[in-house]
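Participant: Sharing a structure, written as structure tokens. Questions coming.
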Amino acid sequence: MPAVTVSGRLTQIDTASLTLADASTQVELHIGSSCTGAGHLAAGDVISVDFDPQRGAITAITLLSAALRAPAPVAEEGPPFDNRCPGGGASLGVLKRRSQLLHALRTWFVGQGFTEVETPSLAFSPGLEPHLDPFETRWRPYPGGAGHPLYLLTSPEYAMKRLVVGGLERCFQLSRVYRNGEAGPFHNPEFTMLEWYRAFASYQDILVDTQDLILHVARAAGHQLSLKWGDCTVDLSPPWPQLTVQEATRRYAGIELEAAQTKERLYQALRGIGMNVPEDAPWDELFFQLLMEKVEPHLGIERPTFLIDYPAPLAALAQVRAGAYPVAERFELYIAGVEIANAFSELTDPTVQRQRFADEQGHRQRLGAPVFEADEAYLAALEQGLPPTGGIALGVDRLMMVLLGAPDLRSVMAFPFSAPG
Amino acid sequence: MVPTNEFKKGVKVLIDGDPYTIVEAQFVKPGKGAAFTRTKFKHLIDGRVIEQNVRSGISYPRADTEEVDMDYLYSDGQFYHFMNSTNYEQMQMTEEQLGDAAKFLVENTSVKVMLFNGRPISVDLPNFVELQITYCEPGVRGDTAQGATKPATLSTGAVVNVPLFVENGEWIRVDTRTSSYTDRVKR
């Protein structure tokens, strides 16, 4: 029988034998008396050995890669590896399951007749959302040239809706998006965003998509109709409840938003329920404080919950539905108190869109945030006629965190961000 | 000034002129909303904890605090006297300022004293101190039944619950964080 060659990481060695391991298995082999190359080896080295089955011993050892640092344990579960960034990242097991869930997610879209697309991460006109801070870089026609400001996108939404106008009426994208200054247990400055758009549909159709998709992926993660996250056991039985923003603030804070449409009245209402908020804060900041302190902690605890119909000033890129109290056709999905996705009946009117961009530019200026040009290519597409469309952005890392029972985003990312200092 | 991105456990700030230490700080941002740092502040004098969502980018004044190593010397009945272990400067505190710490202060032990604007505001005891029992009911030999305890008065005047087998005059170790007996010590 000819000699066989085996390669792997050396986990143990003494004068008589050594143990080799790779991701799938490990093997212990005897070192023959005439073996060459056994000196100066240390646990952690990656080696290759020639093994003679007839003599039942290793005849030669070749060092492939020396371990100059203590090797990381190859663990399926448990603590992160020390060859990653400080603070750690996902275990191998989580990374493998994440990959399986991404596959399940793509399968669902293909089954629904969606086309997967890839649009740019770089743009000269990034999103104008007042509270998002895009990373700025520069386009340089040659190294060292002065160049022109260029931005990493916070969402691929404009480009995807341009594709809908162009005829791609069902499209989805898994893209990396970038948001400066966002780092915490549930934020990472770059993260994976899933967006999808469905023409001739509204936010209510997207709501059904979202529920179906997550149930499909949850089954792939081994959840039947419930999942545990933190202290919550969430019942996934559809249909998931919908709660309007008005009803939510009434139920959880006793506040009637319709009677608190100015910053003065909202301020009074918040003080009335004992909240400590700054008097000079604008209306939207007061609203966010109310949402964070009184409403969000209750959302999606027992069942995933769609918070729907936002006050018109928070329409962003959503259609506003006229009425005594106009609301934006927008929803956010919460599971176990964590916000997972944000959806709109997309605004299709180019004139209203142009006005919203101008308003957002003004808002950014008031906040002292950089003001960008409106995306004219997007406005031009709207002028060609965007069909009634529902669209959504879903934070994939947060979904993975909830489905895999991970405590924070770090635990589902290979190399999570760590702020300097 | 301390901006929100530097809010971390242990950072000391002023709110309405009072010194607080940050217990917990977390970045939060509701969908499409402004970013905040959800922060728990603990009042350095009375220990009260408050929670606030602080708008990202806002700064709080830094509290002028300092933790110094001191030796507790003695109590004259009105004041507790301490000496700075490095410069031998002496300071005094009242029982009210010391709070629970007064119950476990043993003469000539080292403690950490928190100074605010140069004046002492609190004392950080070691987690465990050894104290002698000055009074308790006689021990019941062999009785190690779980949970059965009796009150014991310690040399500092503090009263803690001890197991029945512990004798008058013995030395015990006390966890100052919970004011509870941990075990007996041989002296």
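Within each chain, counting starts at residue 1; across the structure tokens, chains are named A, B, ... in the order shown, with ligands numbered 1 upward in that order.
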Quick check for you: according to DSSP on this backbone, which residues of segment 19-147 of chain B are classed as alpha helix (DSSP H)? Reply as a ChimeraX atom specification.

Facilitator: /B:95-98

Participant: Enumerate as a list in words the residues belonging to chain B that approach chain A to within 10 Å, with only C-alpha atoms taken into account.

Facilitator: Asn5, Glu6, Ala25, Gln26, Phe27, Val28, Lys29, Pro30, Gly31, Lys32, Gly33, Ala34, Ala35, Phe36, Thr37, Arg38, Glu51, Gln52, Asn53, Val54, Arg55 and Ser56 of chain B

Participant: Which parts of segment 154-385 of chain A does DSSP call strand (DSSP E) when run on the backbone here, written out as number ranges by chain?

Facilitator: A: 170-178, 190-199, 226-229, 232-235, 242-244, 305-311, 320-321, 327-335, 338-345

Participant: One number please: atom CA of Leu163 of chain A to atom CA of Tyr378 of chain A, in Å, one decimal.

Facilitator: 10.2 Å

Participant: May I ask which of the residues B:Leu115, B:Ala102, B:Ile50, B:Leu125 is the closest one to Ala158 of chain B, counting only C-alpha atoms?

Facilitator: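 Result for the nearest residue to Ala158 of chain B: B:Ala102.
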
Participant: Just to confirm, what's the straight-line distance from atom CA of Thr11 of chain A to atom CA of Arg97 of chain A in Å (one decimal)?

Facilitator: 26.2 Å

Participant: Can you work out which one of A:Asp133, A:Arg398, A:Ala123, A:Glu169 has the shortest atom-to-atom distance to Gly368 of chain A, counting only C-alpha atoms?

Facilitator: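 That would be A:Asp133, the residue with the smallest distance to Gly368 of chain A.
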
Participant: Between atom CA of Glu167 of chain B and atom CA of Leu131 of chain B, measure the distance and give it in Å to one decimal.

Facilitator: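 Result for atom CA of Glu167 of chain B versus atom CA of Leu131 of chain B: 13.0 Å, one decimal.
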
Participant: I'd like the contact shell of Phe331 of chain A - 9 Å cut-off, only C-alpha atoms, skipping same-chain residues fewer than 4 positions apart - returned as a list in words.

Facilitator: Tyr203, Gln204, Leu207, Gln242, Thr244, Phe306, Leu307, Ile308, Asp309, Tyr310, Ala341, Asn342, Ala343 and Phe344 of chain A

Participant: Using only C-alpha atoms, which protein or nucleic acid residues come within 12 Å of Leu382 of chain A? Drop anything in the same chain fewer than 4 positions from it, and give the result as a tab-separated table (two decimals) with N, CA, C and O atoms, in the first residue's frame.

Facilitator:
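New file result.tsv:
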```
chain	number	residue	atom	x	y	z
A	158	TYR	N	-33.52	54.50	-4.10
A	158	TYR	CA	-33.78	55.29	-5.32
A	158	TYR	C	-33.52	54.44	-6.57
A	158	TYR	O	-34.31	54.41	-7.50
A	159	ALA	N	-32.36	53.78	-6.56
A	159	ALA	CA	-31.99	52.98	-7.74
A	159	ALA	C	-32.99	51.86	-7.97
A	159	ALA	O	-33.36	51.56	-9.11
A	161	LYS	N	-36.20	51.75	-7.20
A	161	LYS	CA	-37.46	52.26	-7.75
A	161	LYS	C	-37.28	52.70	-9.21
A	161	LYS	O	-38.21	52.62	-10.00
A	162	ARG	N	-36.07	53.12	-9.56
A	162	ARG	CA	-35.81	53.42	-10.98
A	162	ARG	C	-35.94	52.14	-11.80
A	162	ARG	O	-36.43	52.18	-12.94
A	163	LEU	N	-35.52	51.02	-11.23
A	163	LEU	CA	-35.67	49.75	-11.95
A	163	LEU	C	-37.14	49.37	-12.09
A	163	LEU	O	-37.55	48.82	-13.12
A	164	VAL	N	-37.95	49.70	-11.08
A	164	VAL	CA	-39.39	49.40	-11.17
A	164	VAL	C	-39.99	50.23	-12.31
A	164	VAL	O	-40.74	49.70	-13.14
A	165	VAL	N	-39.63	51.51	-12.37
A	165	VAL	CA	-40.11	52.36	-13.47
A	165	VAL	C	-39.69	51.75	-14.81
A	165	VAL	O	-40.46	51.70	-15.77
A	166	GLY	N	-38.46	51.25	-14.84
A	166	GLY	CA	-37.94	50.66	-16.07
A	166	GLY	C	-38.58	49.33	-16.44
A	166	GLY	O	-38.33	48.81	-17.54
A	346	GLU	N	-45.08	53.52	-1.68
A	346	GLU	CA	-44.11	54.50	-2.14
A	346	GLU	C	-44.78	55.75	-2.70
A	346	GLU	O	-45.77	55.67	-3.43
A	347	LEU	N	-44.20	56.89	-2.37
A	347	LEU	CA	-44.64	58.15	-2.95
A	347	LEU	C	-44.32	58.12	-4.45
A	347	LEU	O	-43.19	57.85	-4.83
A	348	THR	N	-45.33	58.40	-5.30
A	348	THR	CA	-45.11	58.32	-6.75
A	348	THR	C	-45.17	59.68	-7.42
A	348	THR	O	-44.76	59.82	-8.57
A	349	ASP	N	-45.67	60.68	-6.72
A	349	ASP	CA	-45.89	62.01	-7.32
A	349	ASP	C	-44.57	62.79	-7.34
A	349	ASP	O	-44.04	63.15	-6.28
A	350	PRO	N	-44.03	63.10	-8.55
A	350	PRO	CA	-42.72	63.76	-8.61
A	350	PRO	C	-42.74	65.17	-8.01
A	350	PRO	O	-41.72	65.62	-7.46
A	351	THR	N	-43.89	65.85	-8.09
A	351	THR	CA	-43.94	67.22	-7.56
A	351	THR	C	-43.87	67.19	-6.04
A	351	THR	O	-43.11	67.96	-5.43
A	352	VAL	N	-44.65	66.30	-5.45
A	352	VAL	CA	-44.62	66.18	-3.99
A	352	VAL	C	-43.23	65.70	-3.54
A	352	VAL	O	-42.67	66.18	-2.55
A	353	GLN	N	-42.63	64.77	-4.34
A	353	GLN	CA	-41.30	64.27	-4.00
A	353	GLN	C	-40.28	65.39	-3.99
A	353	GLN	O	-39.44	65.49	-3.09
A	354	ARG	N	-40.34	66.25	-5.01
A	354	ARG	CA	-39.40	67.37	-5.09
A	354	ARG	C	-39.54	68.27	-3.86
A	354	ARG	O	-38.56	68.71	-3.27
A	375	ASP	N	-31.53	63.79	-5.78
A	375	ASP	CA	-31.16	62.83	-6.82
A	375	ASP	C	-32.05	63.07	-8.05
A	375	ASP	O	-33.21	62.65	-8.09
A	376	GLU	N	-31.49	63.78	-9.04
A	376	GLU	CA	-32.29	64.16	-10.21
A	376	GLU	C	-32.67	62.95	-11.06
A	376	GLU	O	-33.72	62.94	-11.70
A	377	ALA	N	-31.83	61.94	-11.08
A	377	ALA	CA	-32.16	60.74	-11.86
A	377	ALA	C	-33.40	60.06	-11.27
A	377	ALA	O	-34.24	59.53	-12.00
A	378	TYR	N	-33.51	60.10	-9.95
A	378	TYR	CA	-34.68	59.51	-9.30
A	378	TYR	C	-35.93	60.32	-9.62
A	378	TYR	O	-36.98	59.77	-9.98
A	386	LEU	N	-43.94	56.21	-11.88
A	386	LEU	CA	-43.73	55.01	-11.06
A	386	LEU	C	-45.11	54.43	-10.77
A	386	LEU	O	-45.98	55.13	-10.25
A	387	PRO	N	-45.36	53.17	-11.14
A	387	PRO	CA	-46.66	52.57	-10.82
A	387	PRO	C	-46.85	52.57	-9.30
A	387	PRO	O	-45.87	52.67	-8.56
A	388	PRO	N	-48.09	52.47	-8.83
A	388	PRO	CA	-48.28	52.32	-7.38
A	388	PRO	C	-47.43	51.14	-6.91
A	388	PRO	O	-47.53	50.05	-7.46
A	389	THR	N	-46.56	51.39	-5.94
A	389	THR	CA	-45.56	50.39	-5.57
A	389	THR	C	-45.43	50.32	-4.05
A	389	THR	O	-45.45	51.35	-3.39
```

Participant: Might you pull out every residue within 12 Å of Ala221 of chain A, with only C-alpha atoms counted and same-chain residues fewer than 5 positions away left off, and present them as a list in words?

Facilitator: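 Residues meeting the cut-off are Val94, Lys96, Arg97, Arg98, Ser99, Gln100, Leu101, Leu102, His103, Ala104, Leu105, Ile214, Leu215, His216, Ser226, Leu227, Leu399, Met400, Met401, Val402, Leu403, Leu404 and Gly405 of chain A.
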
Participant: Can you write just those residues out, C-alpha atoms, as a CSV table (one decimal), in the first residue's frame?

Facilitator:
```csv
chain,number,residue,atom,x,y,z
A,94,VAL,CA,-23.8,31.0,13.6
A,96,LYS,CA,-23.0,28.6,8.8
A,97,ARG,CA,-26.6,29.0,9.9
A,98,ARG,CA,-26.7,32.5,8.7
A,99,SER,CA,-25.6,31.3,5.3
A,100,GLN,CA,-28.4,28.7,5.2
A,101,LEU,CA,-31.0,31.4,6.2
A,102,LEU,CA,-29.8,33.7,3.4
A,103,HIS,CA,-30.2,30.9,1.0
A,104,ALA,CA,-33.8,30.3,2.3
A,105,LEU,CA,-34.5,34.0,1.9
A,214,ILE,CA,-40.1,35.7,7.7
A,215,LEU,CA,-42.2,32.6,8.4
A,216,HIS,CA,-40.4,30.8,5.5
A,226,SER,CA,-42.7,30.4,18.0
A,227,LEU,CA,-39.3,31.7,18.8
A,399,LEU,CA,-33.5,39.4,11.6
A,400,MET,CA,-30.6,36.9,11.9
A,401,MET,CA,-30.1,37.9,15.5
A,402,VAL,CA,-33.7,37.3,16.4
A,403,LEU,CA,-34.0,34.0,14.5
A,404,LEU,CA,-30.7,32.6,15.8
A,405,GLY,CA,-31.3,33.7,19.4
```

Participant: Tell me which protein, DNA and RNA residues are within 6 Å of segment 175-177 of chain B, counting only C-alpha atoms, leaving out same-chain ones fewer than 2 positions away, and put them as a ChimeraX atom specification.

Facilitator: /B:127-128,179-180

Participant: For the selection just defined, write its residues with all heavy atoms to a file, as an mmCIF file, in the first residue's frame.

Facilitator:
```cif
data_model
loop_
_atom_site.group_PDB
_atom_site.id
_atom_site.type_symbol
_atom_site.label_atom_id
_atom_site.label_comp_id
_atom_site.auth_asym_id
_atom_site.auth_seq_id
_atom_site.Cartn_x
_atom_site.Cartn_y
_atom_site.Cartn_z
ATOM 1 N N ASN B 127 -14.805 44.967 49.238
ATOM 2 C CA ASN B 127 -16.015 44.141 49.125
ATOM 3 C C ASN B 127 -16.230 43.277 50.371
ATOM 4 O O ASN B 127 -17.356 42.998 50.752
ATOM 5 C CB ASN B 127 -15.948 43.245 47.892
ATOM 6 C CG ASN B 127 -16.100 44.058 46.615
ATOM 7 O OD1 ASN B 127 -16.568 45.200 46.676
ATOM 8 N ND2 ASN B 127 -15.710 43.494 45.496
ATOM 9 N N PHE B 128 -15.108 42.846 50.990
ATOM 10 C CA PHE B 128 -15.233 42.000 52.187
ATOM 11 C C PHE B 128 -14.444 42.625 53.329
ATOM 12 O O PHE B 128 -13.330 43.104 53.112
ATOM 13 C CB PHE B 128 -14.699 40.590 51.910
ATOM 14 C CG PHE B 128 -15.490 39.885 50.843
ATOM 15 C CD1 PHE B 128 -15.039 39.876 49.523
ATOM 16 C CD2 PHE B 128 -16.694 39.255 51.144
ATOM 17 C CE1 PHE B 128 -15.772 39.243 48.534
ATOM 18 C CE2 PHE B 128 -17.431 38.620 50.163
ATOM 19 C CZ PHE B 128 -16.975 38.616 48.851
ATOM 20 N N SER B 179 -24.279 43.577 52.926
ATOM 21 C CA SER B 179 -24.331 43.584 54.397
ATOM 22 C C SER B 179 -24.624 42.191 54.937
ATOM 23 O O SER B 179 -25.402 42.029 55.876
ATOM 24 C CB SER B 179 -25.405 44.563 54.906
ATOM 25 O OG SER B 179 -25.143 45.839 54.433
ATOM 26 N N SER B 180 -24.022 41.164 54.324
ATOM 27 C CA SER B 180 -24.344 39.809 54.778
ATOM 28 C C SER B 180 -23.094 39.009 55.149
ATOM 29 O O SER B 180 -22.004 39.229 54.622
ATOM 30 C CB SER B 180 -25.147 39.077 53.700
ATOM 31 O OG SER B 180 -24.388 38.989 52.528
#
```

Participant: Restricting the calculation to only C-alpha atoms: of A:Leu150, A:Ala322, A:Val117, A:Leu68, which residue gets closest to Glu373 of chain A?

Facilitator: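 Of A:Leu150, A:Ala322, A:Val117, A:Leu68, the one nearest Glu373 of chain A, counting only C-alpha atoms, is A:Leu150.
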
Participant: Can you tell me, as a ChimeraX atom specification, what residues are no more than 10 Å from Tyr20 of chain B when counting only C-alpha atoms, ignoring any on the same chain fewer than 4 positions away?

Facilitator: /B:10-15,40-50,62-63,65

Participant: Put those residues in a file: N, CA, C and O atoms, as a compact mmCIF listing (two decimals), in the first residue's frame.

Facilitator:
```
# COMPACT_ATOMS: atom_id res chain seq x y z
N GLY B 10 -18.76 54.42 34.33
CA GLY B 10 -17.73 54.99 35.19
C GLY B 10 -17.40 56.44 34.91
O GLY B 10 -16.72 57.08 35.72
N VAL B 11 -17.87 56.99 33.77
CA VAL B 11 -17.60 58.39 33.47
C VAL B 11 -18.48 59.27 34.37
O VAL B 11 -19.66 58.97 34.57
N LYS B 12 -17.89 60.32 34.96
CA LYS B 12 -18.62 61.15 35.91
C LYS B 12 -19.02 62.48 35.26
O LYS B 12 -18.17 63.16 34.68
N VAL B 13 -20.31 62.80 35.36
CA VAL B 13 -20.80 64.05 34.75
C VAL B 13 -21.65 64.81 35.76
O VAL B 13 -22.06 64.28 36.79
N LEU B 14 -21.91 66.08 35.41
CA LEU B 14 -22.77 66.93 36.25
C LEU B 14 -24.14 67.05 35.60
O LEU B 14 -24.24 67.31 34.40
N ILE B 15 -25.20 66.85 36.39
CA ILE B 15 -26.56 67.15 35.92
C ILE B 15 -27.16 68.09 36.96
O ILE B 15 -27.23 67.74 38.14
N LYS B 40 -28.06 55.38 31.93
CA LYS B 40 -28.42 55.30 33.34
C LYS B 40 -27.35 56.04 34.12
O LYS B 40 -26.17 55.72 34.02
N PHE B 41 -27.79 57.04 34.88
CA PHE B 41 -26.87 57.83 35.71
C PHE B 41 -27.15 57.52 37.18
O PHE B 41 -28.31 57.49 37.59
N LYS B 42 -26.09 57.34 37.94
CA LYS B 42 -26.27 57.12 39.38
C LYS B 42 -25.72 58.32 40.13
O LYS B 42 -24.57 58.73 39.93
N HIS B 43 -26.58 58.89 40.98
CA HIS B 43 -26.19 60.05 41.78
C HIS B 43 -25.08 59.63 42.74
O HIS B 43 -25.22 58.65 43.47
N LEU B 44 -23.98 60.36 42.72
CA LEU B 44 -22.82 59.92 43.49
C LEU B 44 -22.99 60.10 44.99
O LEU B 44 -22.26 59.51 45.78
N ILE B 45 -23.94 60.93 45.41
CA ILE B 45 -24.09 61.14 46.85
C ILE B 45 -25.22 60.28 47.41
O ILE B 45 -25.02 59.52 48.34
N ASP B 46 -26.42 60.36 46.78
CA ASP B 46 -27.53 59.60 47.38
C ASP B 46 -27.81 58.26 46.69
O ASP B 46 -28.70 57.51 47.11
N GLY B 47 -27.07 57.95 45.61
CA GLY B 47 -27.20 56.63 44.99
C GLY B 47 -28.41 56.45 44.09
O GLY B 47 -28.61 55.40 43.50
N ARG B 48 -29.23 57.50 43.97
CA ARG B 48 -30.42 57.43 43.13
C ARG B 48 -30.00 57.19 41.67
O ARG B 48 -29.03 57.76 41.20
N VAL B 49 -30.76 56.33 40.95
CA VAL B 49 -30.44 56.07 39.54
C VAL B 49 -31.53 56.68 38.66
O VAL B 49 -32.72 56.48 38.90
N ILE B 50 -31.13 57.46 37.66
CA ILE B 50 -32.10 58.01 36.72
C ILE B 50 -31.74 57.55 35.32
O ILE B 50 -30.57 57.28 35.02
N ARG B 62 -18.21 67.66 32.70
CA ARG B 62 -17.55 66.60 33.46
C ARG B 62 -17.57 66.97 34.95
O ARG B 62 -17.34 68.12 35.29
N ALA B 63 -17.86 66.01 35.80
CA ALA B 63 -17.85 66.27 37.24
C ALA B 63 -16.41 66.20 37.74
O ALA B 63 -15.69 65.27 37.39
N THR B 65 -14.40 64.99 39.95
CA THR B 65 -14.33 64.00 41.03
C THR B 65 -12.99 63.32 40.99
O THR B 65 -12.31 63.31 39.97
```
